[in-house]
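A.B. asks: Supplied structure: upload_21.cif, mmCIF, C-alpha atoms.
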```
data_run
#
loop_
_atom_site.label_atom_id
_atom_site.label_comp_id
_atom_site.auth_asym_id
_atom_site.auth_seq_id
_atom_site.Cartn_x
_atom_site.Cartn_y
_atom_site.Cartn_z
CA LEU A 1 67.77 -29.86 53.26
CA ALA A 2 64.51 -29.54 51.53
CA SER A 3 64.30 -27.71 48.26
CA GLY A 4 61.32 -26.50 46.16
CA ALA A 5 60.42 -24.80 42.87
CA SER A 6 57.72 -22.29 41.94
CA GLY A 7 56.14 -21.06 38.67
CA SER A 8 52.97 -19.63 37.13
CA PHE A 9 50.06 -21.27 35.29
CA THR A 10 47.95 -19.31 32.83
CA VAL A 11 44.40 -20.34 31.91
CA ALA A 12 43.60 -18.96 28.46
CA ALA A 13 40.15 -17.56 27.66
CA GLN A 14 38.22 -19.79 25.32
CA PRO A 15 37.33 -18.69 21.76
CA THR A 16 33.65 -18.05 21.00
CA THR A 17 31.35 -17.81 18.01
CA THR A 18 28.30 -15.56 17.93
CA ALA A 19 25.75 -16.32 15.22
CA ALA A 20 22.95 -13.80 14.56
CA ASN A 21 19.73 -14.71 12.73
CA ASP A 22 18.01 -12.99 9.77
CA VAL A 23 14.71 -11.27 10.55
CA THR A 24 11.82 -10.06 8.38
CA ALA A 25 9.21 -7.83 10.01
CA TYR A 26 6.69 -5.08 9.32
CA VAL A 27 7.15 -1.37 9.99
CA GLY A 28 6.18 -0.56 13.60
CA ALA A 29 5.98 -4.19 14.71
CA ALA A 30 7.35 -5.52 18.02
CA THR A 31 9.99 -7.90 16.67
CA THR A 32 12.07 -10.63 18.33
CA PHE A 33 15.77 -10.91 17.50
CA SER A 34 18.08 -13.77 18.43
CA ALA A 35 21.72 -14.83 18.44
CA THR A 36 23.52 -17.96 19.61
CA LEU A 37 26.84 -18.13 21.51
CA THR A 38 29.06 -21.20 21.34
CA SER A 39 32.63 -22.11 22.27
CA ASN A 40 34.38 -24.99 20.55
CA GLY A 41 30.95 -26.15 19.35
CA ASN A 42 29.39 -26.10 22.81
CA ALA A 43 26.60 -23.77 23.95
CA VAL A 44 27.64 -21.05 26.38
CA ALA A 45 24.89 -20.10 28.84
CA GLY A 46 24.43 -17.06 31.06
CA LYS A 47 26.22 -14.56 28.83
CA THR A 48 24.89 -11.20 27.65
CA ILE A 49 24.55 -10.69 23.91
CA SER A 50 23.99 -7.23 22.43
CA ILE A 51 22.00 -7.19 19.18
CA ALA A 52 22.05 -4.12 16.95
CA ALA A 53 19.46 -3.94 14.15
CA GLY A 54 19.98 -0.89 11.99
CA ALA A 55 19.73 2.11 14.33
CA GLN A 56 18.06 0.18 17.15
CA SER A 57 19.40 -2.36 19.64
CA CYS A 58 18.54 -4.66 22.53
CA THR A 59 20.26 -7.19 24.82
CA GLY A 60 19.51 -10.73 25.90
CA VAL A 61 21.09 -13.43 28.05
CA THR A 62 21.98 -16.83 26.61
CA GLY A 63 20.08 -19.84 27.86
CA ALA A 64 21.03 -23.50 28.08
CA THR A 65 21.17 -23.77 24.27
CA GLY A 66 23.35 -20.68 23.96
CA ALA A 67 20.52 -18.68 22.39
CA ALA A 68 19.70 -15.15 23.53
CA PHE A 69 16.48 -13.31 22.61
CA CYS A 70 15.35 -9.70 22.85
CA SER A 71 12.65 -7.51 21.32
CA ILE A 72 12.58 -4.20 19.44
CA THR A 73 9.56 -2.21 18.25
CA LEU A 74 10.77 -1.17 14.82
CA ASN A 75 10.75 2.54 14.01
CA GLN A 76 12.73 2.20 10.80
CA ALA A 77 11.44 2.68 7.26
CA VAL A 78 10.91 -0.03 4.68
CA GLY A 79 14.28 -1.43 3.59
CA THR A 80 17.11 -3.76 4.61
CA TYR A 81 19.46 -3.19 7.54
CA PRO A 82 22.43 -5.01 9.08
CA ILE A 83 21.99 -7.07 12.24
CA THR A 84 25.05 -7.55 14.47
CA GLY A 85 25.09 -9.87 17.49
CA THR A 86 28.01 -9.17 19.82
CA PHE A 87 29.42 -10.94 22.87
CA ALA A 88 31.84 -8.56 24.62
CA GLY A 89 33.89 -11.34 26.21
CA ASP A 90 34.92 -11.92 29.83
CA SER A 91 37.66 -13.62 31.82
CA GLY A 92 36.72 -17.03 30.51
CA PHE A 93 35.61 -16.38 26.96
CA LEU A 94 36.86 -14.22 24.13
CA THR A 95 34.73 -11.61 22.34
CA SER A 96 32.98 -12.49 19.07
CA SER A 97 30.28 -11.13 16.80
CA GLY A 98 28.08 -12.35 13.97
CA SER A 99 26.06 -10.65 11.23
CA ALA A 100 22.63 -11.10 9.68
CA THR A 101 20.05 -9.04 7.78
CA LEU A 102 16.89 -7.26 8.91
CA THR A 103 14.24 -6.78 6.21
CA VAL A 104 11.58 -4.22 7.10
CA ALA A 105 8.44 -4.49 4.96
CA ALA A 106 5.33 -2.32 4.62
CA VAL A 107 2.28 -3.62 6.48
CA PRO A 108 -0.05 -5.45 4.06
CA THR A 109 -3.49 -3.90 3.48
CA THR A 110 -6.80 -4.93 1.93
CA THR A 111 -9.06 -2.53 0.03
CA THR A 112 -12.61 -3.65 -0.72
CA TYR A 113 -15.12 -1.85 -2.95
CA THR A 114 -18.40 -1.49 -1.01
CA GLY A 115 -20.42 1.05 -3.03
CA VAL A 116 -23.35 0.63 -5.42
CA LEU A 117 -22.88 -1.66 -8.38
CA GLN A 118 -25.49 -0.14 -10.69
CA ALA A 119 -26.76 3.34 -11.58
CA ASN A 120 -28.49 5.09 -14.45
CA ALA A 121 -26.53 7.01 -17.06
CA GLY A 122 -26.47 10.68 -16.11
CA SER A 123 -27.23 9.98 -12.44
CA THR A 124 -24.97 10.46 -9.42
CA ALA A 125 -23.45 7.17 -8.27
CA ALA A 126 -22.49 6.71 -4.60
CA LEU A 127 -19.11 4.98 -4.52
CA ALA A 128 -17.47 3.58 -1.37
CA ALA A 129 -14.57 1.44 -0.13
CA HIS A 130 -13.25 -0.15 3.06
CA LEU A 131 -9.55 -0.25 4.01
CA VAL A 132 -7.97 -2.49 6.65
CA ALA A 133 -4.46 -3.52 7.62
CA SER A 134 -3.22 -7.06 7.96
CA GLY A 135 -5.18 -8.60 10.83
CA GLY A 136 -8.29 -6.58 10.04
CA ALA A 137 -7.57 -3.31 11.87
CA ALA A 138 -9.35 -0.38 10.19
CA LEU A 139 -7.08 2.30 8.73
CA SER A 140 -8.25 5.89 9.14
CA GLY A 141 -7.07 9.05 7.43
CA LYS A 142 -5.92 7.26 4.28
CA PRO A 143 -6.81 8.43 0.73
CA VAL A 144 -8.65 5.93 -1.44
CA THR A 145 -9.29 6.55 -5.15
CA ILE A 146 -12.38 4.91 -6.66
CA THR A 147 -12.63 4.62 -10.44
CA VAL A 148 -15.62 3.60 -12.57
CA GLY A 149 -14.67 3.23 -16.20
CA SER A 150 -13.06 6.57 -17.09
CA GLN A 151 -14.37 8.51 -14.07
CA SER A 152 -12.94 8.66 -10.57
CA CYS A 153 -13.13 10.40 -7.21
CA THR A 154 -10.98 10.32 -4.06
CA ALA A 155 -12.04 10.17 -0.42
CA THR A 156 -10.33 9.78 2.97
CA THR A 157 -11.09 6.84 5.25
CA ASP A 158 -12.88 7.50 8.54
CA ALA A 159 -12.25 5.85 11.91
CA SER A 160 -13.92 2.66 10.65
CA GLY A 161 -11.78 2.52 7.51
CA ASN A 162 -14.65 3.60 5.25
CA ALA A 163 -14.31 6.12 2.41
CA SER A 164 -17.10 7.41 0.15
CA CYS A 165 -17.41 9.82 -2.78
CA SER A 166 -19.60 10.18 -5.86
CA VAL A 167 -19.44 10.75 -9.61
CA THR A 168 -22.09 11.88 -12.08
CA LEU A 169 -22.01 9.19 -14.72
CA ASN A 170 -21.29 10.52 -18.21
CA GLN A 171 -20.60 7.14 -19.77
CA ALA A 172 -22.81 5.11 -22.07
CA GLY A 173 -24.80 2.18 -20.81
CA GLY A 174 -22.78 -1.00 -20.24
CA SER A 175 -20.51 -2.83 -17.80
CA TYR A 176 -17.37 -1.19 -16.47
CA PRO A 177 -14.69 -2.21 -13.98
CA VAL A 178 -14.88 -0.35 -10.67
CA THR A 179 -11.65 -0.24 -8.64
CA ALA A 180 -10.88 1.09 -5.18
CA THR A 181 -7.16 1.77 -4.70
CA PHE A 182 -5.02 2.70 -1.72
CA ALA A 183 -1.64 3.84 -3.07
CA GLY A 184 0.25 2.96 0.10
CA ASP A 185 2.60 5.08 2.22
CA ALA A 186 5.74 4.75 4.33
CA THR A 187 4.05 2.26 6.67
CA TYR A 188 1.28 0.54 4.72
CA ALA A 189 1.45 -1.33 1.41
CA THR A 190 -0.72 -0.55 -1.61
CA SER A 191 -3.85 -2.59 -2.30
CA THR A 192 -6.77 -2.59 -4.75
CA GLY A 193 -10.29 -4.00 -4.68
CA THR A 194 -12.28 -4.58 -7.87
CA ALA A 195 -15.87 -5.25 -8.93
CA THR A 196 -18.12 -4.83 -11.96
CA PHE A 197 -20.31 -1.75 -12.29
CA THR A 198 -23.32 -1.50 -14.59
CA VAL A 199 -24.36 1.81 -16.14
CA VAL A 200 -28.00 1.56 -17.16
CA ALA A 201 -28.62 3.42 -20.42
CA ALA A 202 -31.31 6.09 -20.41
CA SER A 203 -34.41 4.73 -22.14
CA SER A 204 -35.30 6.31 -25.49
CA LYS A 205 -38.75 7.89 -25.57
CA PRO A 206 -40.58 9.13 -28.70
CA THR A 207 -41.03 12.91 -28.86
CA THR A 208 -43.15 15.32 -30.86
CA VAL A 209 -42.53 18.96 -31.72
CA GLN A 210 -45.59 21.14 -32.20
CA LEU A 211 -44.96 24.38 -34.09
CA THR A 212 -46.92 27.53 -33.40
CA ALA A 213 -48.03 29.33 -36.55
CA VAL A 214 -46.16 32.54 -37.30
CA ALA A 215 -48.19 35.67 -38.09
CA PRO A 216 -47.39 37.40 -41.41
CA VAL A 217 -44.34 39.67 -41.18
CA LEU A 218 -42.72 42.17 -43.48
CA LYS A 219 -39.34 41.45 -45.03
CA GLY A 220 -36.66 42.76 -42.70
CA ALA A 221 -38.92 42.60 -39.65
CA SER A 222 -38.38 40.37 -36.61
CA ALA A 223 -40.41 37.19 -36.49
CA THR A 224 -40.97 35.26 -33.26
CA LEU A 225 -40.80 31.48 -33.64
CA LYS A 226 -42.26 29.09 -31.07
CA ALA A 227 -42.51 25.31 -30.69
CA THR A 228 -43.42 22.85 -27.93
CA LEU A 229 -41.61 19.55 -27.23
CA ARG A 230 -43.51 16.66 -25.64
CA THR A 231 -43.16 12.96 -25.00
CA GLY A 232 -46.70 11.73 -25.16
CA SER A 233 -48.62 14.46 -23.34
CA THR A 234 -45.70 15.33 -21.02
CA PRO A 235 -43.68 18.52 -21.72
CA VAL A 236 -39.94 17.99 -22.02
CA ALA A 237 -37.87 20.80 -20.44
CA GLY A 238 -34.22 21.73 -20.86
CA LYS A 239 -33.82 20.59 -24.47
CA THR A 240 -32.49 22.70 -27.34
CA LEU A 241 -34.71 23.17 -30.40
CA THR A 242 -33.66 24.65 -33.72
CA LEU A 243 -36.46 26.76 -35.26
CA THR A 244 -36.31 27.77 -38.92
CA LEU A 245 -38.20 30.35 -40.98
CA GLY A 246 -37.27 30.08 -44.62
CA SER A 247 -33.51 30.46 -44.77
CA GLN A 248 -33.18 31.85 -41.21
CA SER A 249 -32.77 29.75 -38.05
CA CYS A 250 -32.47 30.31 -34.29
CA HIS A 251 -31.98 28.09 -31.26
CA ALA A 252 -33.82 28.04 -27.93
CA THR A 253 -34.13 25.82 -24.85
CA THR A 254 -37.50 24.43 -23.79
CA ASN A 255 -38.97 25.73 -20.54
CA ALA A 256 -41.00 23.83 -17.94
CA ALA A 257 -43.94 23.82 -20.34
CA GLY A 258 -41.75 22.31 -23.05
CA THR A 259 -41.86 25.53 -25.08
CA ALA A 260 -38.91 27.14 -26.84
CA THR A 261 -39.07 30.67 -28.26
CA CYS A 262 -36.58 32.65 -30.36
CA SER A 263 -36.59 35.32 -33.09
CA VAL A 264 -35.20 35.70 -36.63
CA THR A 265 -35.20 38.54 -39.13
CA ALA A 266 -37.41 37.72 -42.10
CA SER A 267 -35.16 37.97 -45.16
CA ASP A 268 -36.91 35.90 -47.79
CA ALA A 269 -38.96 37.33 -50.64
CA ALA A 270 -42.67 37.91 -50.17
CA GLY A 271 -44.63 34.69 -50.08
CA GLN A 272 -45.33 31.69 -47.86
CA VAL A 273 -42.33 29.97 -46.26
#
```
Translate the structure of the given file into structure tokens.
C.D. replies:
Amino acid sequence: LASGASGSFTVAAQPTTTAANDVTAYVGAATTFSATLTSNGNAVAGKTISIAAGAQSCTGVTGATGAAFCSITLNQAVGTYPITGTFAGDSGFLTSSGSATLTVAAVPTTTTYTGVLQANAGSTAALAAHLVASGGAALSGKPVTITVGSQSCTATTDASGNASCSVTLNQAGGSYPVTATFAGDATYATSTGTATFTVVAASSKPTTVQLTAVAPVLKGASATLKATLRTGSTPVAGKTLTLTLGSQSCHATTNAAGTATCSVTASDAAGQV
């Protein structure tokens, strides 16, 4: 008689290793993530890997080298976040996961000073700057502060990345640093452009003051004093003159004709003053 035996044979799932890769990228950038799946040192192809990067995730399928790739457009703020690559396992291979780090950086910017480099003391200087992101794309709606010496103004960039504002120079003649600064925000990094600005000192011109004779007045009466300020034959307007009669003085501002007029009360003793 024939006899036989029966039994069962179990094929065990193979262990796996998932290795994720570190990534550094800019805020808002479309960024590629990758992870590699191996088993006993050999690449495992055709398997789905899920990659979580902070609060975002994507999936990719391993190729002949065991590497899987996928892309995420980052919506996360500047900072560092964990990356986890996970293979869920199947009938032939066990689950595994690996960790890495995502570093999200602010997008680099360049600020260039583009305004005038020289102006007269006391005049209004037109200041300007240009702001672009890495790659040269103009940045609009960003505040840029422009400083000349101790004076500054702030303007917002237009669609072309240009910002302009002005200051009335109250500094002495000389050379001063001019800086255009973008302070940065949640997406874009700070940057500063510098140049040298020259304030041209106002030229000194000789002046003359011509007094108008005062008619005799009684002690205690009001006396009108008048003088005219000129440089050469040209009247000088808007300047303050101090006019004195004996021990009494008054102040007045020259008009368009260069003349200043004010009054004092005559208080000195009788005689010529």
A.B. asks: Written as a list of chain:residue names, what is the full residue list that the PyMOL selection byres ((chain A and resi 157) around 8) yields on the file shown?
C.D. replies: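 On the file shown, the PyMOL selection byres ((chain A and resi 157) around 8) covers A:His130, A:Leu131, A:Leu139, A:Ser140, A:Gly141, A:Lys142, A:Pro143, A:Val144, A:Ala155, A:Thr156, A:Asp158, A:Ala159, A:Ser160, A:Gly161, A:Asn162, A:Ala163, A:Ser164.
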A.B. asks: I need the residue nearest Ala128 (chain A) from this list: A:Thr154, A:Thr109, A:Thr24, A:Thr16. Use all atoms listed in the file for the distance.
C.D. replies: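 Comparing A:Thr154, A:Thr109, A:Thr24, A:Thr16 against Ala128 (chain A), the winner is A:Thr154.
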A.B. asks: When the PyMOL selection byres ((chain A and resi 193) around 9) is applied to the file above, which residues end up in the set, as a list in words?
C.D. replies: Thr110, Thr111, Thr112, Tyr113, Ala129, Val178, Thr179, Ala180, Thr181, Ser191, Thr192, Thr194 and Ala195 of chain A
A.B. asks: May I ask which of the residues A:Thr212, A:Thr38, A:Thr31, A:Thr86 is the closest one to Ser99 (chain A), counting all atoms listed in the file?
C.D. replies: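 Checking each candidate against Ser99 (chain A), we get A:Thr86 as the closest.
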A.B. asks: Using 4 Å of padding on each side, determine the axis-aligned box around all atoms of region 82-89 of chain A present in the file and give its centre and edge lengths in Å to one decimal, as JSON.
C.D. replies:
```
{"center_x": 27.9, "center_y": -8.2, "center_z": 17.6, "size_x": 19.9, "size_y": 14.3, "size_z": 25.1}
```
A.B. asks: Residues proximal to (15.3, -13.0, 4.1) were defined as those with any atom within 7 Å of that point in the file's coordinates, counting only C-alpha atoms. Which are they, as a list in words?
C.D. replies: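 Residues with an atom close enough to that point: Asp22, Val23, Thr24 and Thr103 of chain A.
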A.B. asks: Which is closer to Ser34 (chain A) than all the others in A:Cys153, A:Val61, A:Val214, A:Ala227, using only C-alpha atoms?
C.D. replies: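 Among the listed residues, A:Val61 lies closest to Ser34 (chain A).
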A.B. asks: What is the CA of Pro235 (chain A)-CA of Thr208 (chain A) distance in Å, reported with one decimal?
C.D. replies: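 We find that CA of Pro235 (chain A) and CA of Thr208 (chain A) lie 9.7 Å from each other.
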A.B. asks: Please, what distance in Å, to one decimal, runs between CA of Ala20 (chain A) and CA of Val107 (chain A)?
C.D. replies: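 For CA of Ala20 (chain A) relative to CA of Val107 (chain A), the distance reads 24.4 Å.
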A.B. asks: Skipping near chain neighbours, those fewer than 2 positions away, what residues fall within 7 Å of Phe93 (chain A) using only C-alpha atoms, listed as a list in words?
C.D. replies: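 My reading of the contact set: Ala13, Gln14, Pro15, Thr16, Gly89, Asp90, Ser91 and Thr95 of chain A.
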A.B. asks: How about saving the chosen residues, C-alpha atoms kept, as a PDB file, in the frame of the given file?
C.D. replies:
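Generated output (out-v2.pdb):
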```
ATOM      1  CA  ALA A  13      40.150 -17.560  27.660  1.00  0.00           C
ATOM      2  CA  GLN A  14      38.220 -19.790  25.320  1.00  0.00           C
ATOM      3  CA  PRO A  15      37.330 -18.690  21.760  1.00  0.00           C
ATOM      4  CA  THR A  16      33.650 -18.050  21.000  1.00  0.00           C
ATOM      5  CA  GLY A  89      33.890 -11.340  26.210  1.00  0.00           C
ATOM      6  CA  ASP A  90      34.920 -11.920  29.830  1.00  0.00           C
ATOM      7  CA  SER A  91      37.660 -13.620  31.820  1.00  0.00           C
ATOM      8  CA  THR A  95      34.730 -11.610  22.340  1.00  0.00           C
TER       9      THR A  95
END
```
A.B. asks: Report as a VMD selection string the residues that result from applying the PyMOL selection byres ((chain A and resi 207) around 6) to the structure here.
C.D. replies: chain A and resid 206 208 230 to 231
A.B. asks: Residues near region 69-72 of chain A, anyone? I mean within 10 Å using all atoms listed in the file, not counting same-chain ones fewer than 2 positions away, as an NGL selection string.
C.D. replies: :A and (28-36 or 49-53 or 56-63 or 67 or 74-75)
A.B. asks: Next, the residues of the selection above should be written as a PDB file, in the frame of the given file with C-alpha atoms.
C.D. replies:
```pdb
ATOM      1  CA  GLY A  28       6.180  -0.560  13.600  1.00  0.00           C
ATOM      2  CA  ALA A  29       5.980  -4.190  14.710  1.00  0.00           C
ATOM      3  CA  ALA A  30       7.350  -5.520  18.020  1.00  0.00           C
ATOM      4  CA  THR A  31       9.990  -7.900  16.670  1.00  0.00           C
ATOM      5  CA  THR A  32      12.070 -10.630  18.330  1.00  0.00           C
ATOM      6  CA  PHE A  33      15.770 -10.910  17.500  1.00  0.00           C
ATOM      7  CA  SER A  34      18.080 -13.770  18.430  1.00  0.00           C
ATOM      8  CA  ALA A  35      21.720 -14.830  18.440  1.00  0.00           C
ATOM      9  CA  THR A  36      23.520 -17.960  19.610  1.00  0.00           C
ATOM     10  CA  ILE A  49      24.550 -10.690  23.910  1.00  0.00           C
ATOM     11  CA  SER A  50      23.990  -7.230  22.430  1.00  0.00           C
ATOM     12  CA  ILE A  51      22.000  -7.190  19.180  1.00  0.00           C
ATOM     13  CA  ALA A  52      22.050  -4.120  16.950  1.00  0.00           C
ATOM     14  CA  ALA A  53      19.460  -3.940  14.150  1.00  0.00           C
ATOM     15  CA  GLN A  56      18.060   0.180  17.150  1.00  0.00           C
ATOM     16  CA  SER A  57      19.400  -2.360  19.640  1.00  0.00           C
ATOM     17  CA  CYS A  58      18.540  -4.660  22.530  1.00  0.00           C
ATOM     18  CA  THR A  59      20.260  -7.190  24.820  1.00  0.00           C
ATOM     19  CA  GLY A  60      19.510 -10.730  25.900  1.00  0.00           C
ATOM     20  CA  VAL A  61      21.090 -13.430  28.050  1.00  0.00           C
ATOM     21  CA  THR A  62      21.980 -16.830  26.610  1.00  0.00           C
ATOM     22  CA  GLY A  63      20.080 -19.840  27.860  1.00  0.00           C
ATOM     23  CA  ALA A  67      20.520 -18.680  22.390  1.00  0.00           C
ATOM     24  CA  LEU A  74      10.770  -1.170  14.820  1.00  0.00           C
ATOM     25  CA  ASN A  75      10.750   2.540  14.010  1.00  0.00           C
TER      26      ASN A  75
END
```
A.B. asks: Give the answer as one residue: which of A:Ser152, A:Gln248, A:Ser96, A:Thr253 has the shortest atom-to-atom distance to Lys226 (chain A), using all atoms listed in the file?
C.D. replies: A:Thr253
A.B. asks: Go through A:Lys47, A:Gln76, A:Thr240, A:Gly85 one by one, measure the shortest atom-to-atom distance of each to Thr18 (chain A) using all atoms listed in the file, and give the residue with the smallest value.
C.D. replies: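 Of A:Lys47, A:Gln76, A:Thr240, A:Gly85, the one nearest Thr18 (chain A) is A:Gly85, counting all atoms listed in the file.
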A.B. asks: Tell me, in Å to one decimal, how far CA of Gly174 (chain A) is from CA of Thr145 (chain A).
C.D. replies: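 Separation between CA of Gly174 (chain A) and CA of Thr145 (chain A): 21.6 Å.
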A.B. asks: Hey, what's within 8 Å of Ala257 (chain A) if we count all atoms listed in the file and toss same-chain stuff fewer than 3 positions away? As an MDAnalysis selection string, please?
C.D. replies: chainID A and resid 228 235:237 254
A.B. asks: So, counting only C-alpha atoms, which residue among A:Leu117, A:Ala213, A:Ala106, A:Val78 is closest to Thr196 (chain A)?
C.D. replies: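 Using only C-alpha atoms, Thr196 (chain A) sits closest to A:Leu117.
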